[in-house]
Every structure is written in C-alpha cells, then in structure tokens.
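**Student:** I am sharing work_2.cif, which consists of mmCIF, C-alpha atoms:
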```cif
data_my_file
loop_
_atom_site.label_atom_id
_atom_site.label_comp_id
_atom_site.auth_asym_id
_atom_site.auth_seq_id
_atom_site.Cartn_x
_atom_site.Cartn_y
_atom_site.Cartn_z
CA MET C 115 56.21 101.86 112.42
CA LYS C 116 53.25 100.91 110.31
CA VAL C 117 49.78 102.42 110.52
CA ILE C 118 46.96 101.42 108.22
CA ILE C 119 43.70 103.26 108.58
CA ASN C 120 40.44 101.71 107.54
CA ASN C 121 37.85 104.39 106.87
CA ALA C 122 35.07 101.89 106.36
CA SER C 123 35.48 99.96 109.60
CA GLY C 124 33.45 102.28 111.79
CA VAL C 125 36.16 102.10 114.48
CA PRO C 126 37.27 105.66 115.35
CA ILE C 127 40.57 106.48 113.65
CA TYR C 128 42.37 107.32 116.88
CA GLU C 129 41.43 103.91 118.30
CA GLN C 130 42.82 102.22 115.20
CA ILE C 131 46.12 104.07 115.67
CA VAL C 132 46.26 103.26 119.39
CA LEU C 133 45.62 99.58 118.77
CA GLN C 134 48.15 99.25 115.96
CA ILE C 135 50.96 101.04 117.79
CA LYS C 136 50.17 99.09 120.96
CA ASN C 137 50.35 95.79 119.09
CA GLN C 138 53.68 96.72 117.55
CA ILE C 139 55.08 97.62 120.96
CA ILE C 140 53.86 94.38 122.55
CA ALA C 141 55.21 92.38 119.61
CA GLY C 142 58.59 94.05 120.06
CA GLU C 143 58.54 95.63 116.59
CA LEU C 144 58.78 99.02 118.24
CA LYS C 145 61.60 98.87 120.77
CA GLU C 146 61.91 100.59 124.11
CA GLY C 147 63.26 104.14 123.68
CA GLU C 148 62.48 104.24 119.97
CA ILE C 149 61.18 107.61 118.81
CA LEU C 150 57.72 107.79 117.29
CA PRO C 151 56.93 110.11 114.35
CA SER C 152 55.68 113.51 115.49
CA MET C 153 51.92 113.89 115.74
CA ARG C 154 51.99 116.42 112.91
CA LEU C 155 54.01 114.20 110.61
CA LEU C 156 51.72 111.24 111.27
CA ALA C 157 48.69 113.44 110.56
CA LYS C 158 50.23 114.72 107.34
CA GLU C 159 51.26 111.33 106.04
CA GLN C 160 47.91 109.74 106.86
CA ARG C 161 45.92 112.79 105.77
CA ILE C 162 44.08 112.91 109.06
CA SER C 163 43.50 115.57 111.66
CA VAL C 164 46.20 116.53 114.16
CA ILE C 165 43.51 116.28 116.82
CA THR C 166 43.13 112.61 115.98
CA THR C 167 46.83 111.79 116.22
CA LYS C 168 47.09 113.87 119.39
CA ARG C 169 44.23 111.93 120.95
CA ALA C 170 45.88 108.63 119.97
CA TYR C 171 49.25 109.61 121.48
CA GLU C 172 47.59 110.88 124.64
CA GLU C 173 45.76 107.58 125.01
CA LEU C 174 48.98 105.61 124.49
CA GLU C 175 50.70 107.77 127.05
CA ARG C 176 47.90 107.31 129.56
CA GLU C 177 48.15 103.56 129.15
CA GLY C 178 51.90 103.72 129.71
CA PHE C 179 53.02 102.58 126.27
CA ILE C 180 54.80 105.77 125.32
CA TYR C 181 56.14 108.87 127.04
CA SER C 182 56.70 112.37 125.74
CA VAL C 183 59.57 114.77 126.27
CA VAL C 184 58.73 118.41 125.61
CA GLY C 185 60.56 119.62 122.54
CA LYS C 186 61.95 116.17 121.74
CA GLY C 187 58.99 113.98 120.88
CA SER C 188 57.31 110.76 121.95
CA PHE C 189 59.19 107.56 122.77
CA VAL C 190 58.31 103.95 123.40
CA ALA C 191 58.20 103.44 127.17
CA PRO C 192 59.90 100.52 128.88
CA GLN C 193 57.31 97.76 128.94
CA ASN C 194 56.45 95.73 131.93
CA ILE C 195 55.57 92.40 130.34
CA GLU C 196 54.08 91.16 133.61
CA LEU C 197 51.80 94.20 133.71
CA ILE C 198 50.64 93.75 130.13
CA ARG C 199 49.86 90.11 130.88
CA GLU C 200 47.91 91.22 133.91
CA GLN C 201 45.93 93.68 131.78
CA HIS C 202 45.17 91.06 129.18
CA LEU C 203 44.00 88.64 131.85
CA ARG C 204 41.68 91.26 133.23
CA GLU C 205 40.31 91.96 129.77
CA ILE C 206 39.73 88.26 129.13
CA GLU C 207 37.97 87.91 132.46
CA GLU C 208 35.68 90.81 131.60
CA LYS C 209 34.84 89.31 128.23
CA MET C 210 34.17 85.93 129.83
CA ARG C 211 31.75 87.51 132.26
CA GLU C 212 29.95 89.02 129.30
CA ILE C 213 29.78 85.59 127.70
CA PHE C 214 28.30 84.08 130.85
CA ASP C 215 25.76 86.86 131.17
CA LEU C 216 24.74 86.38 127.57
CA ALA C 217 24.57 82.61 127.98
CA GLU C 218 22.39 83.03 131.04
CA THR C 219 19.95 85.26 129.19
CA ALA C 220 19.81 82.81 126.32
CA GLY C 221 19.50 79.80 128.60
CA ILE C 222 22.68 78.13 127.37
CA GLU C 223 24.26 75.59 129.71
CA SER C 224 27.89 75.90 130.77
CA GLU C 225 28.53 72.45 129.31
CA GLU C 226 27.66 73.85 125.89
CA LEU C 227 29.98 76.80 126.48
CA ARG C 228 32.87 74.51 127.35
CA GLU C 229 32.26 72.55 124.20
CA MET C 230 32.24 75.72 122.17
CA LEU C 231 35.55 76.78 123.68
CA TYR C 232 37.01 73.38 122.90
CA LEU C 233 35.81 73.58 119.30
CA ILE C 234 37.26 77.05 118.81
CA GLU C 235 40.55 75.83 120.22
CA GLU C 236 40.63 72.90 117.83
CA GLU C 237 39.74 75.17 114.95
CA LYS C 238 42.64 77.50 115.82
CA LYS C 239 45.07 74.57 116.05
CA THR C 240 44.16 73.13 112.68
CA GLY C 241 44.00 76.62 111.22
CA ASP C 242 47.58 77.32 112.33
CA LYS C 243 49.18 74.27 110.81
CA GLY C 244 46.69 74.09 107.97
CA ASN C 245 49.26 74.72 105.29
CA ASP C 246 49.35 71.29 103.72
CA GLY C 247 47.45 72.50 100.72
CA PHE C 248 44.38 70.34 101.27
CA CYS C 249 40.91 71.35 102.17
CA ASP C 250 38.29 68.96 103.32
CA MET J 121 51.44 134.08 122.76
CA THR J 122 47.76 133.23 122.92
CA ASP J 123 46.47 129.78 122.17
CA PHE J 124 44.03 131.00 119.57
CA ALA J 125 44.80 132.12 116.05
CA ILE J 126 41.29 133.56 115.70
CA GLU J 127 38.67 134.28 118.31
CA PHE J 128 35.16 135.64 117.66
CA LYS J 129 33.10 136.75 120.64
CA LYS J 130 29.44 137.54 120.04
CA VAL J 131 30.13 139.32 116.79
CA VAL J 132 27.21 141.08 115.09
CA LYS J 133 27.20 142.51 111.59
CA GLN J 134 24.06 144.07 110.18
CA TYR J 135 23.26 144.58 106.53
CA ASP J 136 19.91 145.66 105.12
CA ASP J 137 18.91 142.17 104.13
CA PHE J 138 21.33 140.01 106.07
CA MET J 139 22.62 139.74 109.59
CA LEU J 140 25.44 137.87 111.29
CA HIS J 141 23.99 136.97 114.71
CA ASP J 142 26.13 136.66 117.82
CA VAL J 143 28.87 134.68 116.12
CA SER J 144 31.34 133.11 118.56
CA PHE J 145 34.05 130.52 117.82
CA VAL J 146 37.77 129.91 118.28
CA LEU J 147 40.45 128.51 116.01
CA PRO J 148 43.24 127.05 118.18
CA ARG J 149 46.77 127.61 116.89
CA GLY J 150 48.29 124.77 114.94
CA CYS J 151 44.94 123.67 113.55
CA ILE J 152 42.94 123.85 110.34
CA MET J 153 39.35 125.06 110.50
CA GLY J 154 36.84 124.79 107.72
CA ILE J 155 33.83 127.05 107.48
CA ILE J 156 30.97 125.44 105.64
CA GLY J 157 27.62 126.85 104.68
CA GLU J 158 25.46 127.72 101.71
CA ASN J 159 26.19 130.61 99.41
CA GLY J 160 25.12 133.67 101.35
CA ALA J 161 25.39 132.01 104.77
CA GLY J 162 27.89 134.65 105.87
CA LYS J 163 31.23 132.91 105.31
CA SER J 164 32.84 135.75 103.38
CA THR J 165 31.35 138.34 105.72
CA MET J 166 33.11 136.58 108.59
CA ILE J 167 36.41 136.59 106.74
CA LYS J 168 36.10 140.25 105.82
CA LEU J 169 35.37 141.05 109.46
CA MET J 170 38.47 139.30 110.76
CA LEU J 171 40.61 141.18 108.25
CA ASN J 172 38.92 144.42 109.28
CA LEU J 173 37.80 145.07 105.70
CA ILE J 174 34.30 145.82 107.02
CA GLN J 175 33.17 147.12 110.40
CA LYS J 176 31.21 145.07 112.92
CA GLU J 177 28.30 146.40 114.93
CA ALA J 178 29.11 144.56 118.15
CA GLY J 179 31.37 141.93 119.66
CA LYS J 180 35.11 141.33 119.68
CA ILE J 181 37.43 139.68 117.19
CA THR J 182 40.99 138.72 118.04
CA VAL J 183 43.41 137.63 115.32
CA LEU J 184 46.85 136.28 116.31
CA GLY J 185 46.37 137.86 119.71
CA CYS J 186 45.50 141.31 118.31
CA ASP J 187 42.18 143.13 118.31
CA SER J 188 41.03 143.12 114.68
CA ASP J 189 40.22 146.84 114.90
CA ARG J 190 43.86 147.59 115.55
CA LEU J 191 45.84 145.15 113.43
CA SER J 192 49.39 146.46 113.22
CA ARG J 193 51.42 146.12 110.06
CA SER J 194 53.58 143.39 111.57
CA VAL J 195 50.50 141.34 112.48
CA ARG J 196 49.00 141.89 109.03
CA GLU J 197 52.18 140.48 107.51
CA LYS J 198 51.64 137.30 109.47
CA ILE J 199 48.32 136.73 107.72
CA GLY J 200 48.27 135.23 104.25
CA VAL J 201 44.98 135.69 102.44
CA VAL J 202 43.70 133.98 99.32
CA PHE J 203 40.39 135.02 97.80
CA ASP J 204 38.55 133.12 95.10
CA GLU J 205 39.49 135.74 92.54
CA CYS J 206 43.11 136.21 91.59
CA CYS J 207 44.03 139.78 92.49
CA PHE J 208 47.31 140.26 90.65
CA PRO J 209 47.68 142.62 87.70
CA GLU J 210 46.67 140.53 84.71
CA ASN J 211 49.42 141.47 82.29
CA LEU J 212 52.38 140.84 84.57
CA LYS J 213 54.60 137.77 84.62
CA LEU J 214 55.83 135.78 87.58
CA LYS J 215 59.09 137.72 87.99
CA GLU J 216 57.40 141.11 87.88
CA ILE J 217 54.83 140.06 90.43
CA GLU J 218 57.55 138.87 92.73
CA LYS J 219 59.28 142.25 92.42
CA ILE J 220 56.11 144.03 93.54
CA LEU J 221 55.49 141.68 96.44
CA LYS J 222 59.07 142.06 97.59
CA ASN J 223 58.45 145.76 97.99
CA ILE J 224 55.14 145.33 99.75
CA TYR J 225 56.19 142.86 102.41
CA GLN J 226 58.94 143.59 104.94
CA HIS J 227 59.66 139.90 105.39
CA TRP J 228 59.36 138.66 101.85
CA ASN J 229 61.02 135.30 101.24
CA SER J 230 62.13 135.11 97.60
CA LYS J 231 63.55 131.64 98.01
CA ALA J 232 60.27 130.25 99.36
CA PHE J 233 58.29 131.90 96.58
CA LYS J 234 60.54 130.45 93.90
CA GLU J 235 60.31 127.03 95.50
CA TYR J 236 56.52 127.15 95.58
CA ALA J 237 56.46 128.38 91.99
CA ALA J 238 58.61 125.39 91.02
CA THR J 239 56.51 122.88 93.00
CA PHE J 240 53.37 124.25 91.43
CA ASN J 241 54.93 124.31 87.93
CA LEU J 242 54.00 127.95 87.42
CA PRO J 243 55.13 129.17 83.98
CA GLU J 244 57.69 131.98 84.05
CA ASN J 245 57.04 133.41 80.63
CA LYS J 246 53.29 133.72 80.69
CA ALA J 247 51.29 136.71 81.81
CA VAL J 248 48.81 136.05 84.62
CA LYS J 249 45.89 136.57 82.25
CA ASP J 250 46.97 133.44 80.38
CA PHE J 251 47.13 131.32 83.54
CA SER J 252 44.49 128.66 84.07
CA ARG J 253 42.24 129.03 87.10
CA GLY J 254 44.29 126.40 88.93
CA MET J 255 47.54 128.23 88.17
CA LYS J 256 46.14 131.55 89.37
CA MET J 257 45.05 129.92 92.60
CA LYS J 258 48.45 128.31 93.08
CA LEU J 259 50.10 131.67 92.45
CA SER J 260 47.92 133.31 95.10
CA ILE J 261 48.73 130.55 97.57
CA ALA J 262 52.46 130.73 96.79
CA ALA J 263 52.36 134.48 97.45
CA ALA J 264 50.36 134.08 100.65
CA LEU J 265 52.85 131.57 102.01
CA SER J 266 56.01 133.48 101.13
CA HIS J 267 55.94 136.26 103.69
CA HIS J 268 56.32 134.25 106.89
CA ALA J 269 52.59 134.01 107.47
CA GLU J 270 51.39 132.25 110.60
CA LEU J 271 47.76 132.31 109.61
CA LEU J 272 46.45 131.42 106.20
CA ILE J 273 42.91 132.49 105.33
CA LEU J 274 41.29 131.11 102.20
CA ASP J 275 37.90 132.19 100.94
CA GLU J 276 36.45 129.61 98.51
CA ALA J 277 39.96 129.14 97.18
CA THR J 278 39.67 125.51 96.16
CA SER J 279 36.30 125.80 94.42
CA GLY J 280 36.51 125.15 90.71
CA LEU J 281 39.84 123.36 90.80
CA ASP J 282 40.36 119.85 89.53
CA PRO J 283 41.03 117.00 92.00
CA VAL J 284 44.74 116.76 91.13
CA VAL J 285 45.37 120.44 91.81
CA ARG J 286 43.29 120.33 94.97
CA ASP J 287 45.36 117.40 96.16
CA GLU J 288 48.63 119.24 95.51
CA ILE J 289 47.33 122.22 97.44
CA LEU J 290 46.28 119.96 100.30
CA ASP J 291 49.86 118.72 100.55
CA VAL J 292 51.14 122.27 100.77
CA PHE J 293 48.67 123.01 103.55
CA PHE J 294 49.80 119.97 105.51
CA ASP J 295 53.42 121.08 105.12
CA PHE J 296 52.53 124.55 106.32
CA ILE J 297 50.81 123.16 109.40
CA GLN J 298 53.87 121.11 110.39
CA GLU J 299 54.96 124.29 112.13
CA GLU J 300 52.97 124.27 115.35
CA LYS J 301 52.29 127.99 115.49
CA ASN J 302 50.73 128.03 112.03
CA SER J 303 46.97 127.84 111.45
CA ILE J 304 44.61 127.76 108.49
CA LEU J 305 41.05 128.97 108.09
CA ILE J 306 39.37 127.85 104.92
CA SER J 307 35.84 128.52 103.76
CA SER J 308 34.20 126.38 101.14
CA HIS J 309 30.92 124.92 100.13
CA ILE J 310 32.74 121.87 98.80
CA THR J 311 32.57 119.83 101.95
CA SER J 312 34.67 116.91 100.72
CA ASP J 313 37.76 119.15 100.59
CA LEU J 314 37.23 120.22 104.14
CA GLU J 315 36.45 116.72 105.30
CA LYS J 316 39.94 115.68 104.24
CA ILE J 317 42.05 118.33 105.89
CA CYS J 318 40.21 120.12 108.65
CA ASP J 319 40.63 119.63 112.37
CA TYR J 320 37.63 121.79 113.20
CA ILE J 321 34.45 122.56 111.31
CA THR J 322 32.31 125.64 111.78
CA PHE J 323 28.93 125.36 110.17
CA LEU J 324 27.26 128.62 109.32
CA ASN J 325 23.66 128.92 108.23
CA ASN J 326 21.78 132.11 107.55
CA GLY J 327 24.19 134.23 109.61
CA SER J 328 24.25 131.96 112.66
CA ILE J 329 26.65 129.26 113.77
CA ILE J 330 24.93 125.88 113.91
CA MET J 331 27.99 124.08 115.18
CA SER J 332 31.70 124.65 115.68
CA GLU J 333 33.45 121.49 116.77
CA ALA J 334 36.26 119.04 116.08
CA LYS J 335 35.54 117.36 112.75
CA ASP J 336 35.95 113.85 114.13
CA ASP J 337 33.42 114.60 116.86
CA ILE J 338 30.90 115.92 114.36
CA LEU J 339 31.35 112.91 112.10
CA THR J 340 30.89 110.42 114.93
CA LYS J 341 27.92 112.24 116.39
CA TYR J 342 25.46 111.59 113.57
CA VAL J 343 24.40 108.71 111.37
CA VAL J 344 22.02 108.42 108.43
CA VAL J 345 19.16 106.01 108.99
CA LYS J 346 17.17 104.60 106.08
CA GLY J 347 13.85 102.85 106.15
CA GLY J 348 10.20 103.08 105.26
CA ARG J 349 8.46 106.42 105.68
CA ASP J 350 6.15 105.23 108.45
CA GLU J 351 9.05 103.47 110.20
CA LEU J 352 11.12 106.64 110.30
CA GLU J 353 8.16 108.71 111.39
CA SER J 354 7.76 106.44 114.40
CA LEU J 355 11.25 107.38 115.70
CA PRO J 356 11.51 109.93 118.53
CA GLN J 357 11.18 113.21 116.62
CA GLU J 358 13.49 115.17 118.94
CA GLU J 359 16.45 112.95 117.92
CA ILE J 360 15.91 113.54 114.21
CA ILE J 361 17.93 116.41 112.76
CA GLY J 362 16.41 116.23 109.31
CA ILE J 363 14.46 113.85 107.17
CA ARG J 364 14.12 113.32 103.42
CA LYS J 365 11.14 111.40 102.20
CA SER J 366 10.86 109.82 98.78
CA GLN J 367 8.19 107.80 97.14
CA PHE J 368 9.72 104.51 98.21
CA GLY J 369 11.18 105.28 101.60
CA ALA J 370 12.91 107.88 103.70
CA GLU J 371 16.29 108.73 105.18
CA ALA J 372 16.99 110.77 108.25
CA LEU J 373 20.01 112.29 109.97
CA ILE J 374 19.90 111.23 113.57
CA ARG J 375 22.10 111.32 116.66
CA ARG J 376 24.19 108.15 116.76
CA GLN J 377 23.08 106.99 120.19
CA ALA J 378 19.45 107.22 119.08
CA ALA J 379 20.00 105.02 116.04
CA PRO J 380 17.36 102.28 116.08
CA ILE J 381 18.12 98.60 115.68
CA GLY J 382 16.88 96.91 112.53
CA PHE J 383 17.33 99.87 110.21
CA VAL J 384 19.97 100.53 107.59
CA VAL J 385 22.46 102.81 109.37
CA GLU J 386 25.28 104.54 107.51
CA PRO J 387 27.95 106.95 108.67
CA ALA J 388 27.06 110.55 107.77
CA ASP J 389 29.47 112.77 105.86
CA LEU J 390 29.77 116.52 106.19
CA GLU J 391 27.63 117.17 103.15
CA GLN J 392 24.72 115.16 104.54
CA ILE J 393 25.08 116.83 107.92
CA MET J 394 24.99 120.22 106.20
CA LEU J 395 22.04 119.40 103.96
CA PHE J 396 19.86 117.86 106.64
CA ASN J 397 20.54 120.73 109.00
CA ILE J 398 19.61 123.33 106.42
CA ARG J 399 16.51 121.41 105.43
CA LYS J 400 15.40 121.37 109.05
CA GLU J 401 15.62 125.13 109.20
CA GLN J 402 13.44 125.59 106.17
#
```
Now that the file is in, can you turn its structure into structure tokens?
**Tutor:**
Amino acid sequence: MKVIINNASGVPIYEQIVLQIKNQIIAGELKEGEILPSMRLLAKEQRISVITTKRAYEELEREGFIYSVVGKGSFVAPQNIELIREQHLREIEEKMREIFDLAETAGIESEELREMLYLIEEEKKTGDKGNDGFCD
Amino acid sequence: MTDFAIEFKKVVKQYDDFMLHDVSFVLPRGCIMGIIGENGAGKSTMIKLMLNLIQKEAGKITVLGCDSDRLSRSVREKIGVVFDECCFPENLKLKEIEKILKNIYQHWNSKAFKEYAATFNLPENKAVKDFSRGMKMKLSIAAALSHHAELLILDEATSGLDPVVRDEILDVFFDFIQEEKNSILISSHITSDLEKICDYITFLNNGSIIMSEAKDDILTKYVVVKGGRDELESLPQEEIIGIRKSQFGAEALIRRQAAPIGFVVEPADLEQIMLFNIRKEQ
C-alpha cells in the first residue's frame, strides 16, 4: 500500500487517504482479503493524527471498500465491480448536471459543450500515445 | 475501563492574582493532547492539579478512571511525568539513577530503560550534571516510560531542544501510542511541535479554555485572509477572530466558511490561531 500526503493541497488529509486507498483497491493493487496497516501504524509512519486515519478507515468502511474485524484489523472487502461502475456513472451524471447548470448560467450552447467534449477526448488520445518524442 | 485518560469537570483553582475558571475537557484514551497557551495561561497549574500536587477549589478531575484526590499508588505508577527541569540528583550516573528508580517503582522495567538509554545515546559514564539539556530531557522521558505508564504527562518538556532531538522524541511518543490504552498530555508554547503529533488541542488563555477540539478540526475551521485595511474592515465583524493591521495592509483570522472571494486566503496554523485569539482578548 502506498499513501502520499500533500500538506499543501488543501484537501483534508483523511480524504487524501480515502481516495488513494480506494484507487488502489479499484486498480487491483490491493487485493480482496488483504490486510491494511493498523490505524495507529499508518498514523505513526505518516506522522499524522490517529483521529485522521480512523476517520479515513471509517469512511472506507462505510463505502464498502474495507471491513474491520475486532482485534484482527481492517481488510480489503470483496469488490463488486458492477457496483463501482454504477457509482462512477452516478458521479459522472452529477458532474454533467453541474456542467449544464453552469453552461446555462453562462449562456453557452450545448453545441459548444459537445465540441469541448470532443476536443478534450482528442487531447486525451494524442496525450496517451504522445511518446514519439516530438512536440508541435 | 473508562474511555478517558483525563477528565476535567468545571475545575476552579484560585490564586491571589490568577484564577483557573471552570475548566472542562477530556482526553480520550489512545490519543495525544496538546495544551497551548501563553506563559502564565495556566498550563502548569492544570498539570499540577491533575497530579494532585495542588488542591482545587471546586470541580472534579478524573485521571485513568480515578478521582485525582484519591490517586492510589498503583494508579500513580501508571502515570509518567516529565517536567521541564530535570529532577534527578545531579552527581549521579545512569546506573545509579536506575538503581534508585528500581526501588521506587513496583513495576520497574530495567530492560526498557536500558533500551531507551541506548536509543537516546545516553552516556553511561557521565554524571547528570554534565548532560546537555537534550540528554537530561531524554533521561527524564526514558525514566517516565520505563514503569509501565499508561499516561505520559509532559510539561514544557520539548522547549529548548534542537529539532533533531525533538524529532527523536516524537518517534518515541508515536511508538508509545501504538498501544491503544496509552495516552499523552503535553503542554508547550511551541505550537509547531504540537501541530505535528497531537490528536487534540486544548487552548488555554488567562485561566480559561478557549477551545478543546480535534486538531484537524481546528486547523480546517479557520483561514488567514490578507488584503487592504479598508477591505478587511468591510468584512462581517462577527466572523473575524482577530485582525492585525500594518501600514500597507491587514491580515485577519476568520472562519473558513466566511472567507471572502477575491482575497488572498491561506490556511492558518496553530500559532496564528493562538496569536489572533489572544490579540482579540486584549
């Protein structure tokens, strides 16, 4: 498990931990049933408060990514890939609604939005293979 | 077993020229609490009260589940105390001090003491009077941690130590707290030390508690806003904790949700929170 805390980011530390562990679980780097470091050990190694690590683990547990066994520790929960996909879709939908609301306030047409989406997509594509050593 | 290592309920202590007003707070077990405040804010008075070294006028103090007025010997042994002054006989060496401590404490752990002495690189052939300040402090901490203490109380213990020594001591504290029943109370006016290790912060000013909360909550609650003097004066005054004006501008400590758009906003550290709060009082 890898946790890197950025003190300058302004994102609460427990959220940073939650996000990083979540990403590692989704990416399969942390496997189902794998034991996580104890909250106290994580706090000690990262030089952060136990309250912070506790809050992060509680959040992960609430979201179903890990489970705890009293006296044994916290483990990676079996992941329902379908469910995670569902969650992500919901999140994307929410963000899209925000975009539309913002566009409406700013008087931006949906045609322009589509174009923007297309451009971002293209940018991502070229960015991914862009390893030929040339810049234009 | 209670959930609190220390509990103060409406504690009052009256001196001729100083008073501790209605002090209430709790230190949950397994946590580290820092007490911050100016010199003379009442930090040491609070520590002396919980150790029953002085008598309170009113209120109730519970330490490790015991009324502080009736601390039994076995409970006292579970408390390790470190004051800012080294209190060992000056002309003794490490071995002789250990011999004395072994006789004082029923549950003295020689092995632990020797291990701490080795980790801290304490010299065996020097008398305490020839120890540096850092060494004396490490010796006091080694002694406090070698009798199966569950609660470590430190009064200004890290003041005057260099950053390397402070860092070593911090590591020892984190190791100590790996055991869930163990707790630490540490008073200091060096807020950066406390900012690193504490779970809870209790802020004492002029004998009263201004706040006693989880450190992360305190740090996310406030921000420092910078701008022109007239700009800052136009902000809602009830949201401003404290303000410092200079010739060329002003900065104010303000509740995060009230932070205005278009100003320079920085996260506040404990020192700023302490300073702005005290300035407000004056």
**Student:** Taking only C-alpha atoms into account, report as an mmCIF file with C-alpha atoms, in the coordinates of the input which residues of chain J lie within 6 Å of chain C.
**Tutor:**
```
data_model
loop_
_atom_site.group_PDB
_atom_site.id
_atom_site.type_symbol
_atom_site.label_atom_id
_atom_site.label_comp_id
_atom_site.auth_asym_id
_atom_site.auth_seq_id
_atom_site.Cartn_x
_atom_site.Cartn_y
_atom_site.Cartn_z
ATOM 1 C CA PHE J 294 49.800 119.970 105.510
ATOM 2 C CA GLN J 298 53.870 121.110 110.390
ATOM 3 C CA ASP J 319 40.630 119.630 112.370
#
```
**Student:** Do a neighbour search on Gly150 of chain J at 12 Å with all atoms listed in the file, toss out local chain neighbours closer than 2 positions, and write the hits as a count of residues only.
**Tutor:** 35
**Student:** Work out how far atom CA of Trp228 of chain J is from atom CA of Lys215 of chain J, in Å to one decimal.
**Tutor:**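 Between atom CA of Lys215 of chain J and atom CA of Trp228 of chain J the gap works out to 13.9 Å.
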**Student:** Name the residues that the PyMOL selection byres ((chain C and resi 179-193) around 7) picks from the file above, as a list in words, using the file's chain letters and numbers.
**Tutor:**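 Output from the PyMOL selection byres ((chain C and resi 179-193) around 7), applied to this file: Lys136, Lys145, Glu146, Gly147, Glu148, Ile149, Leu150, Ser152, Leu174, Glu175, Glu177, Gly178, Asn194 and Ile195 of chain C.
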**Student:** Provide the atom CA of His141 of chain J to atom CA of Lys400 of chain J distance in Å, to one decimal place.
**Tutor:**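 Computing it gives 18.7 Å between the two atoms.
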